[in-house]
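work-v2.txt follows; it contains compact mmCIF, C-alpha atoms.
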# COMPACT_ATOMS: atom_id res chain seq x y z
CA MET A 217 -23.99 -8.89 30.86
CA LEU A 218 -22.82 -11.04 33.78
CA THR A 219 -25.80 -13.31 33.26
CA GLN A 220 -24.83 -13.98 29.65
CA LEU A 221 -21.21 -14.57 30.62
CA ARG A 222 -22.26 -17.06 33.29
CA LEU A 223 -24.56 -18.80 30.82
CA ALA A 224 -21.77 -19.04 28.23
CA TRP A 225 -19.47 -20.49 30.88
CA ARG A 226 -22.01 -23.10 31.95
CA MET A 227 -22.69 -24.20 28.39
CA GLN A 228 -19.08 -24.23 27.11
CA ARG A 229 -16.94 -24.23 30.22
CA TRP A 230 -14.38 -26.68 28.89
CA GLU A 231 -13.83 -24.79 25.65
CA LEU A 232 -13.67 -21.42 27.40
CA GLY A 233 -11.37 -22.86 30.06
CA LEU A 234 -9.06 -24.15 27.31
CA LEU A 235 -9.14 -20.74 25.63
CA ILE A 236 -8.30 -18.82 28.79
CA GLY A 237 -5.74 -21.28 30.15
CA SER A 238 -3.85 -21.88 26.92
CA GLY A 239 -4.01 -18.21 25.90
CA LEU A 240 -2.56 -16.96 29.19
CA ALA A 241 0.09 -19.70 29.23
CA LEU A 242 1.17 -18.92 25.67
CA THR A 243 1.25 -15.21 26.50
CA ALA A 244 3.52 -15.86 29.47
CA VAL A 245 5.88 -17.97 27.36
CA ALA A 246 6.01 -15.30 24.63
CA LEU A 247 6.89 -12.66 27.23
CA ALA A 248 9.58 -14.83 28.82
CA LEU A 249 11.40 -16.03 25.68
CA PRO A 250 13.28 -12.78 24.85
CA SER A 251 14.91 -12.80 28.29
CA LEU A 252 16.40 -16.24 27.61
CA GLY A 253 18.81 -14.90 24.98
CA GLU A 254 19.82 -17.37 22.30
CA ALA A 255 17.72 -20.06 23.97
CA GLY A 256 14.59 -18.12 23.07
CA ILE A 257 15.45 -17.77 19.37
CA GLY A 258 14.78 -21.03 17.63
CA ASP A 259 12.25 -23.80 17.83
CA GLN A 260 10.56 -22.34 20.91
CA ARG A 261 10.00 -19.02 19.19
CA MET A 262 8.65 -20.62 16.03
CA LEU A 263 6.28 -22.83 18.04
CA VAL A 264 4.91 -19.86 20.01
CA LEU A 265 4.31 -17.83 16.87
CA PHE A 266 2.72 -20.76 15.06
CA LEU A 267 0.33 -21.33 17.98
CA THR A 268 -0.44 -17.60 18.04
CA VAL A 269 -1.82 -17.96 14.51
CA ALA A 270 -3.38 -21.43 14.68
CA GLY A 271 -4.60 -21.53 18.29
CA PRO A 272 -7.21 -18.72 18.20
CA VAL A 273 -8.60 -20.00 14.90
CA LEU A 274 -8.94 -23.57 16.19
CA ILE A 275 -10.49 -22.67 19.55
CA GLY A 276 -12.67 -19.98 17.99
CA SER A 277 -14.04 -22.56 15.56
CA VAL A 278 -14.74 -25.02 18.37
CA LEU A 279 -16.60 -22.37 20.38
CA GLY A 280 -18.50 -21.16 17.32
CA ILE A 281 -19.67 -24.68 16.49
CA GLY A 282 -21.18 -24.94 19.97
CA ILE A 283 -23.51 -21.99 19.41
CA VAL A 284 -25.88 -23.82 17.05
CA ALA A 285 -24.62 -27.20 15.83
CA ARG A 286 -24.05 -28.78 19.24
CA ASP A 287 -27.48 -27.74 20.54
CA VAL A 288 -29.12 -29.10 17.40
CA GLU A 289 -27.24 -32.40 17.54
CA PHE A 290 -27.96 -32.86 21.28
CA GLY A 291 -31.61 -31.85 20.86
CA THR A 292 -31.55 -28.82 23.18
CA ALA A 293 -31.93 -26.27 20.38
CA ARG A 294 -35.65 -26.95 20.01
CA ILE A 295 -36.19 -25.94 23.61
CA PHE A 296 -34.11 -22.76 23.29
CA TRP A 297 -35.70 -21.74 20.01
CA SER A 298 -39.24 -22.37 21.22
CA LEU A 299 -38.60 -20.05 24.19
CA SER A 300 -36.93 -17.31 22.13
CA ALA A 301 -39.21 -15.01 20.16
CA ASN A 302 -36.28 -13.25 18.49
CA ARG A 303 -33.73 -15.59 16.89
CA PHE A 304 -31.30 -12.77 16.01
CA ARG A 305 -31.20 -11.67 19.64
CA TRP A 306 -30.73 -15.28 20.79
CA ILE A 307 -27.78 -15.73 18.45
CA TRP A 308 -26.25 -12.41 19.49
CA LEU A 309 -26.56 -13.28 23.20
CA ARG A 310 -24.76 -16.57 22.52
CA LEU A 311 -22.01 -15.04 20.36
CA TRP A 312 -20.93 -11.87 22.15
CA PRO A 313 -19.69 -13.45 25.44
CA ILE A 314 -17.49 -15.80 23.43
CA ALA A 315 -16.24 -12.92 21.26
CA LEU A 316 -15.53 -10.80 24.35
CA VAL A 317 -13.50 -13.45 26.19
CA GLY A 318 -11.67 -14.50 23.05
CA GLY A 319 -11.03 -10.88 22.11
CA VAL A 320 -9.41 -10.04 25.43
CA ILE A 321 -7.20 -13.15 25.36
CA GLY A 322 -6.34 -12.49 21.72
CA VAL A 323 -5.25 -8.91 22.37
CA LEU A 324 -2.99 -10.01 25.24
CA LEU A 325 -1.48 -12.80 23.18
CA GLY A 326 -1.04 -10.56 20.14
CA ALA A 327 0.77 -7.93 22.19
CA ALA A 328 3.11 -10.56 23.66
CA SER A 329 3.88 -12.11 20.27
CA ALA A 330 4.51 -8.68 18.72
CA ARG A 331 6.99 -7.93 21.50
CA LEU A 332 8.65 -11.31 20.92
CA MET A 333 9.10 -10.56 17.21
CA ASP A 334 10.35 -7.03 17.79
CA LEU A 335 13.00 -8.18 20.27
CA THR A 336 14.25 -11.10 18.18
CA SER A 337 15.34 -11.53 14.60
CA PRO A 338 12.44 -11.22 12.15
CA SER A 339 11.59 -13.89 9.61
CA ASP A 340 9.71 -13.77 6.33
CA ILE A 341 6.92 -16.06 7.63
CA PHE A 342 6.04 -13.87 10.64
CA THR A 343 3.66 -11.12 9.60
CA PHE A 344 0.76 -9.04 10.86
CA GLN A 345 -1.41 -12.12 11.65
CA MET A 346 0.60 -12.50 14.87
CA ARG A 347 0.40 -8.92 16.07
CA GLY A 348 -1.91 -7.19 18.53
CA PRO A 349 -5.69 -7.00 17.95
CA VAL A 350 -5.43 -8.93 14.66
CA VAL A 351 -5.06 -12.13 16.71
CA ALA A 352 -8.34 -11.32 18.48
CA LEU A 353 -10.08 -10.45 15.23
CA HIS A 354 -9.08 -13.78 13.70
CA PHE A 355 -10.61 -15.55 16.69
CA ILE A 356 -13.88 -13.67 16.20
CA ILE A 357 -13.93 -14.36 12.46
CA ALA A 358 -13.34 -18.08 13.05
CA ALA A 359 -16.13 -18.24 15.65
CA ALA A 360 -18.61 -16.44 13.36
CA ILE A 361 -17.84 -18.69 10.39
CA ALA A 362 -18.14 -21.80 12.56
CA MET A 363 -21.50 -20.61 13.89
CA LEU A 364 -22.79 -20.19 10.34
CA VAL A 365 -21.45 -23.55 9.13
CA GLY A 366 -22.89 -25.24 12.20
CA SER A 367 -26.34 -23.84 11.48
CA VAL A 368 -26.21 -25.41 8.01
CA ILE A 369 -24.54 -28.78 8.69
CA ARG A 370 -26.02 -29.21 12.21
CA ARG A 371 -23.52 -31.84 13.29
CA VAL A 372 -20.50 -30.98 15.39
CA LEU A 373 -17.58 -32.87 13.82
CA PRO A 374 -18.40 -32.31 10.12
CA SER A 375 -19.21 -28.66 10.87
CA LEU A 376 -15.89 -28.17 12.66
CA LEU A 377 -13.85 -29.66 9.81
CA ILE A 378 -15.66 -27.61 7.17
CA ALA A 379 -15.45 -24.42 9.24
CA LEU A 380 -11.70 -24.83 9.78
CA THR A 381 -11.19 -25.42 6.08
CA MET A 382 -13.24 -22.36 5.13
CA THR A 383 -11.51 -20.13 7.69
CA ALA A 384 -8.04 -21.26 6.64
CA GLY A 385 -8.98 -20.68 2.99
CA ILE A 386 -10.17 -17.15 3.73
CA PHE A 387 -6.98 -16.24 5.57
CA VAL A 388 -4.75 -17.77 2.89
CA ALA A 389 -6.64 -15.88 0.17
CA GLU A 390 -6.35 -12.70 2.21
CA GLY A 391 -2.60 -13.13 2.53
CA VAL A 392 -2.23 -13.65 -1.21
CA LEU A 393 -4.29 -10.57 -2.00
CA LEU A 394 -2.25 -8.44 0.39
CA GLN A 395 1.15 -9.46 -0.95
CA SER A 396 1.26 -6.82 -3.67
CA TRP A 397 0.21 -4.12 -1.20
CA LEU A 398 2.86 -5.24 1.29
CA HIS A 399 5.54 -5.05 -1.42
CA ASP A 400 4.42 -1.51 -2.24
CA GLN A 401 4.88 -0.54 1.41
CA ALA A 402 8.24 -2.31 1.83
CA GLU A 403 11.63 -0.62 1.88
CA LEU A 404 15.22 -1.79 1.66
CA VAL A 405 17.16 -1.81 4.91
CA ALA A 406 20.79 -2.85 5.28
CA PHE A 407 21.42 -5.63 7.77
CA ALA A 408 23.98 -3.48 9.56
CA GLU A 409 21.48 -0.64 9.95
CA ARG A 410 18.64 -2.71 11.41
CA THR A 411 17.27 -1.05 14.54
CA ALA A 412 14.82 -2.05 17.25
CA GLU A 413 11.99 -0.29 15.39
CA PRO A 414 8.99 -2.61 14.89
CA VAL A 415 9.02 -4.44 11.56
CA LEU A 416 5.77 -5.85 10.26
CA ALA A 417 7.35 -8.41 7.94
CA VAL A 418 10.56 -9.32 6.15
CA LEU A 419 9.59 -10.16 2.59
CA GLU A 420 12.96 -10.94 1.03
CA HIS A 421 16.69 -11.02 1.67
CA GLU A 422 18.71 -9.37 -1.08
CA PHE A 423 22.08 -7.89 -1.99
CA ALA A 424 22.42 -4.24 -2.93
CA THR A 425 24.93 -1.66 -4.03
CA ILE A 426 25.01 1.94 -2.84
CA ALA A 427 24.15 4.46 -5.57
CA ALA A 428 25.75 7.89 -5.92
CA ASP A 429 22.91 9.53 -3.98
CA GLY A 430 23.32 7.07 -1.11
CA THR A 431 20.27 4.93 -1.86
CA LEU A 432 20.36 1.14 -1.99
CA VAL A 433 19.92 -0.57 -5.36
CA VAL A 434 19.21 -4.30 -5.48
CA SER A 435 21.82 -6.19 -7.48
CA GLN A 436 22.60 -9.81 -8.16
CA PRO A 437 26.30 -10.55 -7.68
CA GLN A 438 27.95 -12.38 -10.57
CA CYS A 439 31.43 -13.85 -10.57
CA THR A 440 33.37 -16.83 -11.90
CA THR A 441 36.58 -17.21 -9.89
CA GLN A 442 36.98 -17.27 -6.11
CA ALA A 443 39.10 -14.12 -6.10
CA GLU A 444 36.56 -12.32 -8.27
CA CYS A 445 33.70 -13.41 -6.01
CA MET A 446 35.54 -12.11 -2.95
CA ASP A 447 35.94 -8.71 -4.57
CA VAL A 448 32.29 -8.65 -5.68
CA TYR A 449 30.93 -9.54 -2.25
CA GLU A 450 33.10 -6.93 -0.57
CA ALA A 451 31.48 -4.26 -2.75
CA ILE A 452 27.84 -5.22 -2.04
CA THR A 453 25.65 -4.84 1.02
CA PRO A 454 23.31 -7.51 2.45
CA VAL A 455 19.84 -5.95 2.75
CA MET A 456 16.29 -6.89 3.75
CA LEU A 457 13.07 -5.87 2.07
CA VAL A 458 10.98 -5.03 5.13
CA VAL A 459 7.47 -3.75 5.73
CA PRO A 460 7.69 -1.02 8.41
CA GLY A 461 5.55 -1.15 11.51
CA ASP A 462 3.44 1.85 10.43
CA ALA A 463 1.79 -0.33 7.77
CA TYR A 464 0.09 -2.26 10.57
CA TRP A 465 -2.63 0.35 11.08
CA PRO A 466 -4.26 0.16 7.62
CA LEU A 467 -4.05 -3.62 7.88
CA LEU A 468 -5.76 -3.47 11.27
CA ALA A 469 -8.52 -1.33 9.76
CA PHE A 470 -8.95 -3.88 6.97
CA GLU A 471 -9.07 -6.78 9.44
CA SER A 472 -11.61 -4.91 11.59
CA ALA A 473 -13.88 -4.36 8.58
CA LEU A 474 -13.51 -8.03 7.61
CA ALA A 475 -14.40 -9.16 11.14
CA LEU A 476 -17.38 -6.82 11.38
CA GLY A 477 -18.69 -7.91 8.00
CA THR A 478 -18.19 -11.60 8.78
CA VAL A 479 -20.01 -11.36 12.12
CA ALA A 480 -22.91 -9.37 10.67
CA ALA A 481 -23.34 -11.65 7.66
CA SER A 482 -23.01 -14.82 9.75
CA MET A 483 -25.59 -13.63 12.26
CA MET A 484 -28.12 -12.64 9.60
CA VAL A 485 -27.75 -15.85 7.60
CA THR A 486 -27.79 -18.00 10.75
CA THR A 487 -30.93 -16.22 11.91
CA ALA A 488 -32.63 -16.88 8.58
CA ILE A 489 -31.60 -20.54 8.63
CA THR A 490 -32.82 -21.17 12.17
CA ARG A 491 -36.12 -19.49 11.38
CA ARG A 492 -36.55 -21.61 8.28
CA TRP A 493 -35.45 -24.97 9.66
CA GLY A 494 -36.01 -24.63 13.38
CA PRO A 495 -39.22 -24.49 15.41
CA ARG A 496 -41.04 -21.14 15.40

Just give me the structure of the file as structure tokens.
Amino acid sequence: MLTQLRLAWRMQRWELGLLIGSGLALTAVALALPSLGEAGIGDQRMLVLFLTVAGPVLIGSVLGIGIVARDVEFGTARIFWSLSANRFRWIWLRLWPIALVGGVIGVLLGAASARLMDLTSPSDIFTFQMRGPVVALHFIIAAAIAMLVGSVIRRVLPSLLIALTMTAGIFVAEGVLLQSWLHDQAELVAFAERTAEPVLAVLEHEFATIAADGTLVVSQPQCTTQAECMDVYEAITPVMLVVPGDAYWPLLAFESALALGTVAASMMVTTAITRRWGPR
């Protein structure tokens, strides 16, 4: 285990150093922002959460490209492949140290960003992609896709651009597919009743009236004069359509299955490609 970690460090020390350094720095900033009060709710918060989504995908893609494409482009792959009798094992020994380091950093960063969102006002663009182990899983998915693309294209820069495009497309498609499920899980919560309970996402901001049984009913206020509008708005309640934190666990299970399937498929296809195109 230590041997493979040392080998991964020697071969991709700059990329791994960037992953560890930037991940820990971003984690520290995410932990510190809530203590700054209003200063931590604004552009700084949005930047941290954006980097929590984009950073692991970008660095994971860079590290994944280095598993096959860089060695092929630099000519060292022929030496490695000629010495390795089992291509699947060679690929696995190159992938798992990267996945381990990225997974640990991703979990730490995801926990810090989840805490940041729970302690500050939620927004409709901040969802489960920035919470806990999902951040680590996205890193692993990006690395596996990049490894596969690199084995096909076999040049670093074109492989990186294609891999980033494919990974972004997969995550966007996933978000679209999950929207209907998230709406099914969502519930109306009055602004005045918002608590510190974790909220997975805020889908919409609405107005509601209180029914006879005490439940909230979404309504669209309509008025013509200023006096009439004042009376209407006094009778309605600002509410949020929120996805509760409990919905995170089925999403985490789905992300775990997606990551496992992506890694397994990428390894098998990459193994077949290197056997077909590389030296035996």

Given the point (6.8, -2.2, 5.6) in the file's coordinates, find the residues that have an atom at most 10 Å from it, counting all atoms listed in the file, and give them as a list in words.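 Those within range, by chain then number, are Trp397, Leu398, His399, Asp400, Gln401, Ala402, Glu403, Leu404, Pro414, Val415, Leu416, Ala417, Val418, Leu419, Leu457, Val458, Val459, Pro460, Gly461, Asp462, Ala463 and Tyr464 of chain A.
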
Residue with smallest distance to Gly282 (chain A) - pool A:Ser329, A:Thr336, A:Ser396, A:Ser367, counting only C-alpha atoms: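 Of the candidates, the smallest distance to Gly282 (chain A) is held by A:Ser367.
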
CA of Gly271 (chain A) and CA of Gly477 (chain A) are how many Å apart? 22.1 Å

Could you tell me which of A:Leu316, A:Ala328, A:Val278, A:Ile356 comes closest to Ile378 (chain A) if we count all atoms listed in the file? A:Val278

Near region 262-269 of chain A, within 8 Å and counting all atoms listed in the file, which residues show up once chain neighbours fewer than 2 positions away are dropped, as a PDB file with C-alpha atoms, keeping the file's coordinate frame?
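Written file, selection.pdb:
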ATOM      1  CA  LEU A 242       1.170 -18.920  25.670  1.00  0.00           C
ATOM      2  CA  VAL A 245       5.880 -17.970  27.360  1.00  0.00           C
ATOM      3  CA  ALA A 246       6.010 -15.300  24.630  1.00  0.00           C
ATOM      4  CA  GLY A 258      14.780 -21.030  17.630  1.00  0.00           C
ATOM      5  CA  ASP A 259      12.250 -23.800  17.830  1.00  0.00           C
ATOM      6  CA  GLN A 260      10.560 -22.340  20.910  1.00  0.00           C
ATOM      7  CA  GLY A 271      -4.600 -21.530  18.290  1.00  0.00           C
ATOM      8  CA  PRO A 272      -7.210 -18.720  18.200  1.00  0.00           C
ATOM      9  CA  VAL A 273      -8.600 -20.000  14.900  1.00  0.00           C
ATOM     10  CA  LEU A 325      -1.480 -12.800  23.180  1.00  0.00           C
ATOM     11  CA  GLY A 326      -1.040 -10.560  20.140  1.00  0.00           C
ATOM     12  CA  SER A 329       3.880 -12.110  20.270  1.00  0.00           C
ATOM     13  CA  PHE A 342       6.040 -13.870  10.640  1.00  0.00           C
ATOM     14  CA  GLN A 345      -1.410 -12.120  11.650  1.00  0.00           C
ATOM     15  CA  MET A 346       0.600 -12.500  14.870  1.00  0.00           C
ATOM     16  CA  VAL A 351      -5.060 -12.130  16.710  1.00  0.00           C
TER      17      VAL A 351
END

Within 12 Å of region 480-493 of chain A, which residues of region 327-389 of chain A show up? Give each one with its shortest atom-to-atom distance in Å (one decimal) and the two atoms involved, counting all atoms listed in the file, rows by chain then rising residue number, as a tab-separated table.
residue	atom	partner	partner_atom	distance
A:Ile356	CA	A:Ser482	CA	11.2
A:Ile357	CA	A:Ser482	CA	9.5
A:Ala358	CA	A:Ser482	CA	10.7
A:Ala359	CA	A:Ser482	CA	9.7
A:Ala360	CA	A:Ser482	CA	5.9
A:Ile361	CA	A:Ser482	CA	6.5
A:Ala362	CA	A:Ser482	CA	9.0
A:Met363	CA	A:Ser482	CA	7.3
A:Leu364	CA	A:Ser482	CA	5.4
A:Val365	CA	A:Thr486	CA	8.6
A:Gly366	CA	A:Thr486	CA	8.9
A:Ser367	CA	A:Thr486	CA	6.1
A:Val368	CA	A:Ile489	CA	7.3
A:Ile369	CA	A:Ile489	CA	10.9
A:Arg370	CA	A:Thr490	CA	10.5

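Our summary of the geometry notes that CA of Leu234 (chain A) is positioned 20.8 Å from CA of Thr219 (chain A).
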
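When only C-alpha atoms are used to measure the gap to Gln228 (chain A), the shortest distance among A:Val392, A:Leu240, A:Leu279, A:Ala330 belongs to A:Leu279.
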
Test item: residues at most 9 Å from Leu332 (chain A), all atoms listed in the file, excluding those fewer than 6 positions along its chain, as number ranges by chain: A: 246-250, 261, 265
